[in-house]
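Source file input_8.txt; content: compact mmCIF, N, CA and C atoms.
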# COMPACT_ATOMS: atom_id res chain seq x y z
N MET Q 139 101.63 59.24 43.19
CA MET Q 139 102.17 60.57 43.44
C MET Q 139 101.09 61.54 43.90
N ASP Q 140 99.89 61.39 43.36
CA ASP Q 140 98.79 62.27 43.75
C ASP Q 140 98.41 62.08 45.21
N ILE Q 141 98.45 60.86 45.69
CA ILE Q 141 98.09 60.59 47.08
C ILE Q 141 99.09 61.25 48.02
N ALA Q 142 100.37 61.22 47.68
CA ALA Q 142 101.40 61.84 48.51
C ALA Q 142 101.18 63.36 48.57
N ALA Q 143 100.86 63.97 47.47
CA ALA Q 143 100.61 65.42 47.43
C ALA Q 143 99.39 65.77 48.26
N ILE Q 144 98.35 64.94 48.18
CA ILE Q 144 97.14 65.18 48.96
C ILE Q 144 97.44 65.04 50.44
N MET Q 145 98.20 64.03 50.82
CA MET Q 145 98.56 63.83 52.23
C MET Q 145 99.39 64.99 52.76
N ILE Q 146 100.34 65.46 51.98
CA ILE Q 146 101.17 66.59 52.39
C ILE Q 146 100.30 67.84 52.56
N SER Q 147 99.39 68.07 51.63
CA SER Q 147 98.51 69.23 51.72
C SER Q 147 97.59 69.13 52.94
N ALA Q 148 97.08 67.96 53.20
CA ALA Q 148 96.20 67.76 54.35
C ALA Q 148 96.96 67.98 55.65
N CYS Q 149 98.17 67.45 55.74
CA CYS Q 149 98.98 67.63 56.96
C CYS Q 149 99.33 69.11 57.16
N THR Q 150 99.66 69.79 56.07
CA THR Q 150 99.99 71.21 56.16
C THR Q 150 98.78 72.01 56.63
N ALA Q 151 97.61 71.71 56.10
CA ALA Q 151 96.39 72.41 56.50
C ALA Q 151 96.06 72.14 57.97
N ALA Q 152 96.23 70.89 58.39
CA ALA Q 152 95.96 70.55 59.79
C ALA Q 152 96.94 71.27 60.72
N PHE Q 153 98.20 71.31 60.34
CA PHE Q 153 99.20 72.01 61.13
C PHE Q 153 98.88 73.50 61.24
N ALA Q 154 98.49 74.11 60.12
CA ALA Q 154 98.14 75.53 60.12
C ALA Q 154 96.92 75.79 61.00
N ALA Q 155 95.96 74.88 61.00
CA ALA Q 155 94.76 75.04 61.83
C ALA Q 155 95.11 74.96 63.31
N VAL Q 156 95.99 74.04 63.68
CA VAL Q 156 96.41 73.91 65.07
C VAL Q 156 97.16 75.16 65.52
N VAL Q 157 98.05 75.66 64.69
CA VAL Q 157 98.81 76.87 65.03
C VAL Q 157 97.86 78.06 65.18
N ALA Q 158 96.90 78.19 64.27
CA ALA Q 158 95.93 79.29 64.36
C ALA Q 158 95.08 79.19 65.63
N TYR Q 159 94.68 77.99 65.99
CA TYR Q 159 93.89 77.78 67.20
C TYR Q 159 94.69 78.16 68.45
N LEU Q 160 95.94 77.72 68.51
CA LEU Q 160 96.77 78.03 69.68
C LEU Q 160 97.04 79.53 69.78
N TYR Q 161 97.27 80.18 68.65
CA TYR Q 161 97.49 81.62 68.66
C TYR Q 161 96.24 82.36 69.13
N GLN Q 162 95.08 81.94 68.65
CA GLN Q 162 93.82 82.58 69.05
C GLN Q 162 93.59 82.39 70.55
N ARG Q 163 93.85 81.22 71.07
CA ARG Q 163 93.68 80.95 72.51
C ARG Q 163 94.60 81.83 73.34
N LYS Q 164 95.83 81.99 72.87
CA LYS Q 164 96.79 82.85 73.57
C LYS Q 164 96.31 84.29 73.58
N GLN Q 165 95.80 84.77 72.46
CA GLN Q 165 95.30 86.14 72.37
C GLN Q 165 94.09 86.36 73.27
N GLU Q 166 93.19 85.39 73.35
CA GLU Q 166 92.03 85.52 74.22
C GLU Q 166 92.44 85.61 75.69
N ARG Q 167 93.42 84.80 76.08
CA ARG Q 167 93.91 84.86 77.46
C ARG Q 167 94.55 86.21 77.75
N ARG Q 168 95.33 86.72 76.79
CA ARG Q 168 95.97 88.02 76.96
C ARG Q 168 94.92 89.12 77.08
N ASP Q 169 93.89 89.06 76.24
CA ASP Q 169 92.82 90.06 76.29
C ASP Q 169 92.08 90.03 77.62
N LYS Q 170 91.87 88.84 78.14
CA LYS Q 170 91.19 88.70 79.43
C LYS Q 170 92.03 89.32 80.54
N ARG Q 171 93.34 89.08 80.53
CA ARG Q 171 94.23 89.67 81.54
C ARG Q 171 94.26 91.19 81.42
N MET Q 172 94.30 91.70 80.20
CA MET Q 172 94.31 93.15 80.00
C MET Q 172 93.01 93.79 80.48
N GLU Q 173 91.89 93.12 80.25
CA GLU Q 173 90.60 93.64 80.71
C GLU Q 173 90.57 93.72 82.23
N GLU Q 174 91.11 92.70 82.89
CA GLU Q 174 91.14 92.69 84.35
C GLU Q 174 92.06 93.79 84.87
N LYS Q 175 93.19 93.99 84.21
CA LYS Q 175 94.11 95.06 84.62
C LYS Q 175 93.46 96.43 84.46
N ASN Q 176 92.72 96.61 83.37
CA ASN Q 176 92.05 97.90 83.16
C ASN Q 176 91.01 98.17 84.22
N LYS Q 177 90.32 97.11 84.67
CA LYS Q 177 89.34 97.28 85.74
C LYS Q 177 90.03 97.75 87.01
N PHE Q 178 91.18 97.16 87.32
CA PHE Q 178 91.92 97.56 88.51
C PHE Q 178 92.48 98.97 88.36
N ARG Q 179 92.88 99.34 87.16
CA ARG Q 179 93.43 100.69 86.95
C ARG Q 179 92.38 101.76 87.20
N SER Q 180 91.15 101.51 86.76
CA SER Q 180 90.11 102.51 87.00
C SER Q 180 89.83 102.64 88.49
N GLN Q 181 89.85 101.53 89.22
CA GLN Q 181 89.66 101.58 90.66
C GLN Q 181 90.83 102.30 91.32
N GLU Q 182 92.03 102.08 90.79
CA GLU Q 182 93.21 102.74 91.33
C GLU Q 182 93.10 104.25 91.18
N ASN Q 183 92.64 104.71 90.03
CA ASN Q 183 92.49 106.14 89.80
C ASN Q 183 91.49 106.77 90.78
N VAL Q 184 90.40 106.07 91.04
CA VAL Q 184 89.40 106.57 91.99
C VAL Q 184 90.03 106.69 93.38
N LEU Q 185 90.79 105.68 93.79
CA LEU Q 185 91.41 105.70 95.12
C LEU Q 185 92.46 106.81 95.23
N ILE Q 186 93.19 107.04 94.17
CA ILE Q 186 94.19 108.13 94.18
C ILE Q 186 93.49 109.47 94.38
N LEU Q 187 92.40 109.68 93.65
CA LEU Q 187 91.67 110.94 93.79
C LEU Q 187 91.07 111.09 95.19
N LYS Q 188 90.55 110.00 95.75
CA LYS Q 188 90.03 110.06 97.12
C LYS Q 188 91.14 110.40 98.10
N GLY Q 189 92.32 109.82 97.90
CA GLY Q 189 93.45 110.11 98.79
C GLY Q 189 93.88 111.56 98.71
N ILE Q 190 93.95 112.09 97.50
CA ILE Q 190 94.32 113.49 97.33
C ILE Q 190 93.28 114.40 97.99
N ASN Q 191 92.01 114.06 97.82
CA ASN Q 191 90.94 114.85 98.43
C ASN Q 191 91.03 114.81 99.95
N ALA Q 192 91.27 113.62 100.51
CA ALA Q 192 91.36 113.50 101.97
C ALA Q 192 92.53 114.29 102.53
N VAL Q 193 93.67 114.22 101.87
CA VAL Q 193 94.85 114.97 102.33
C VAL Q 193 94.59 116.47 102.21
N GLY Q 194 93.92 116.87 101.13
CA GLY Q 194 93.59 118.28 100.96
C GLY Q 194 92.67 118.79 102.06
N LYS Q 195 91.65 118.01 102.39
CA LYS Q 195 90.75 118.42 103.46
C LYS Q 195 91.47 118.50 104.80
N LEU Q 196 92.33 117.53 105.04
CA LEU Q 196 93.07 117.52 106.30
C LEU Q 196 94.00 118.72 106.40
N SER Q 197 94.72 119.01 105.34
CA SER Q 197 95.64 120.15 105.38
C SER Q 197 94.89 121.48 105.49
N MET Q 198 93.72 121.58 104.83
CA MET Q 198 92.92 122.80 104.94
C MET Q 198 92.38 122.96 106.36
N ALA Q 199 91.96 121.86 106.98
CA ALA Q 199 91.43 121.94 108.35
C ALA Q 199 92.52 122.37 109.32
N ILE Q 200 93.72 121.86 109.12
CA ILE Q 200 94.83 122.22 110.01
C ILE Q 200 95.27 123.66 109.75
N ALA Q 201 95.39 124.02 108.47
CA ALA Q 201 95.88 125.36 108.13
C ALA Q 201 94.90 126.45 108.53
N SER Q 202 93.61 126.18 108.41
CA SER Q 202 92.64 127.23 108.72
C SER Q 202 92.28 127.27 110.20
N ASP Q 203 92.80 126.33 110.95
CA ASP Q 203 92.57 126.26 112.39
C ASP Q 203 91.07 126.28 112.68
N ARG Q 204 90.35 125.38 112.02
CA ARG Q 204 88.90 125.31 112.15
C ARG Q 204 88.44 124.70 113.47
N GLY Q 205 89.31 124.09 114.13
CA GLY Q 205 88.92 123.48 115.39
C GLY Q 205 89.13 121.97 115.37
N LYS Q 206 89.08 121.42 116.54
CA LYS Q 206 89.38 120.01 116.72
C LYS Q 206 88.37 119.11 115.99
N GLU Q 207 87.12 119.50 115.96
CA GLU Q 207 86.09 118.67 115.33
C GLU Q 207 86.34 118.52 113.83
N GLN Q 208 86.66 119.60 113.16
CA GLN Q 208 86.93 119.54 111.71
C GLN Q 208 88.18 118.71 111.42
N ILE Q 209 89.18 118.87 112.26
CA ILE Q 209 90.42 118.10 112.06
C ILE Q 209 90.15 116.61 112.26
N GLU Q 210 89.33 116.27 113.26
CA GLU Q 210 88.99 114.87 113.50
C GLU Q 210 88.20 114.27 112.33
N LEU Q 211 87.26 115.04 111.76
CA LEU Q 211 86.51 114.57 110.61
C LEU Q 211 87.43 114.33 109.41
N ALA Q 212 88.35 115.26 109.20
CA ALA Q 212 89.30 115.11 108.09
C ALA Q 212 90.21 113.91 108.31
N MET Q 213 90.65 113.71 109.55
CA MET Q 213 91.50 112.56 109.86
C MET Q 213 90.74 111.25 109.66
N GLU Q 214 89.48 111.22 110.01
CA GLU Q 214 88.67 110.03 109.83
C GLU Q 214 88.55 109.68 108.35
N GLU Q 215 88.30 110.70 107.52
CA GLU Q 215 88.21 110.47 106.08
C GLU Q 215 89.55 110.00 105.53
N TYR Q 216 90.64 110.59 106.02
CA TYR Q 216 91.96 110.18 105.57
C TYR Q 216 92.25 108.72 105.94
N ARG Q 217 91.90 108.32 107.16
CA ARG Q 217 92.13 106.93 107.58
C ARG Q 217 91.30 105.96 106.75
N LYS Q 218 90.06 106.34 106.45
CA LYS Q 218 89.18 105.49 105.64
C LYS Q 218 89.78 105.30 104.24
N THR Q 219 90.22 106.39 103.65
CA THR Q 219 90.82 106.31 102.32
C THR Q 219 92.11 105.51 102.35
N ASP Q 220 92.89 105.70 103.38
CA ASP Q 220 94.14 104.96 103.51
C ASP Q 220 93.88 103.46 103.61
N SER Q 221 92.86 103.07 104.34
CA SER Q 221 92.54 101.64 104.45
C SER Q 221 92.01 101.09 103.13
N GLU Q 222 91.25 101.88 102.38
CA GLU Q 222 90.78 101.44 101.06
C GLU Q 222 91.95 101.22 100.11
N ILE Q 223 92.91 102.14 100.15
CA ILE Q 223 94.09 102.00 99.30
C ILE Q 223 94.88 100.76 99.69
N TYR Q 224 95.02 100.52 100.99
CA TYR Q 224 95.74 99.34 101.47
C TYR Q 224 95.05 98.05 101.02
N GLU Q 225 93.72 97.99 101.14
CA GLU Q 225 92.97 96.81 100.69
C GLU Q 225 93.11 96.61 99.19
N TYR Q 226 93.08 97.71 98.44
CA TYR Q 226 93.26 97.63 96.99
C TYR Q 226 94.63 97.05 96.65
N LEU Q 227 95.66 97.55 97.31
CA LEU Q 227 97.01 97.05 97.02
C LEU Q 227 97.14 95.57 97.37
N LEU Q 228 96.52 95.14 98.43
CA LEU Q 228 96.54 93.71 98.76
C LEU Q 228 95.83 92.89 97.68
N LYS Q 229 94.69 93.39 97.20
CA LYS Q 229 93.93 92.68 96.19
C LYS Q 229 94.69 92.61 94.87
N ILE Q 230 95.26 93.73 94.44
CA ILE Q 230 95.95 93.78 93.15
C ILE Q 230 97.19 92.89 93.17
N ASN Q 231 97.87 92.82 94.29
CA ASN Q 231 99.08 91.99 94.37
C ASN Q 231 98.76 90.51 94.52
N SER Q 232 97.56 90.18 94.95
CA SER Q 232 97.20 88.76 95.07
C SER Q 232 96.69 88.19 93.76
N VAL Q 233 96.35 89.04 92.79
CA VAL Q 233 95.76 88.57 91.52
C VAL Q 233 96.82 88.06 90.56
N LYS Q 234 98.01 88.62 90.60
CA LYS Q 234 99.06 88.27 89.64
C LYS Q 234 99.02 86.82 89.33
Would you put the structure from the file into structure tokens?
Amino acid sequence: MDIAAIMISACTAAFAAVVAYLYQRKQERRDKRMEEKNKFRSQENVLILKGINAVGKLSMAIASDRGKEQIELAMEEYRKTDSEIYEYLLKINSVK
């Protein structure tokens, strides 16, 4: 009878160890994905601010009628920011 109790206890302990290992592995994978998402979110925030800044400069250049050169500079910055945002969206959607 003692051997049966020992075997049951050993099997239970082994089962608990396997479950704990699998749970820990799942949590590590989840943490890694969350860390990667947070990295992309910080980049997203920077791009949003750049976009807002570019649109603001463009609208100020047009509204103040500063001349064609200022409008062209603002448009160039806006196009650059727009392409950065587009590249970011391509990258973020390819990671899933």
Listing only residues of region 160-214 of chain Q within 8 Å of region 223-227 of chain Q, what is the closest atom pair and its distance in Å (to one decimal) for each, using all atoms listed in the file, sorted by chain and residue number ascending, as a Markdown table?
| residue | atom | partner | partner_atom | distance |
| --- | --- | --- | --- | --- |
| Q:Gln181 | C | Q:Tyr226 | CA | 7.7 |
| Q:Glu182 | CA | Q:Tyr226 | CA | 7.6 |
| Q:Leu185 | CA | Q:Ile223 | CA | 6.2 |
| Q:Ile186 | N | Q:Ile223 | CA | 7.2 |
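Note that the spacing between CA of Gln208 (chain Q) and CA of Lys195 (chain Q) amounts to 9.2 Å.
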Task: Two-atom distance - atom N of Asp220 (chain Q), atom C of Ala192 (chain Q) (Å) - done: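 Separating atom N of Asp220 (chain Q) from atom C of Ala192 (chain Q) is a distance of 8.6 Å.
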Task: Gap from CA of Phe178 (chain Q) to CA of Glu222 (chain Q) - Å, one decimal - done: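 One can read the CA of Phe178 (chain Q) to CA of Glu222 (chain Q) distance as 13.2 Å.
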Open item on the list: Calculated over only C-alpha atoms, which of the candidates Q:Ser147, Q:Asn191, Q:Asn176, Q:Gln162 has the smallest distance to Glu215 (chain Q)?
Closed with: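 Counting only C-alpha atoms, the residue closest to Glu215 (chain Q) is Q:Asn191.
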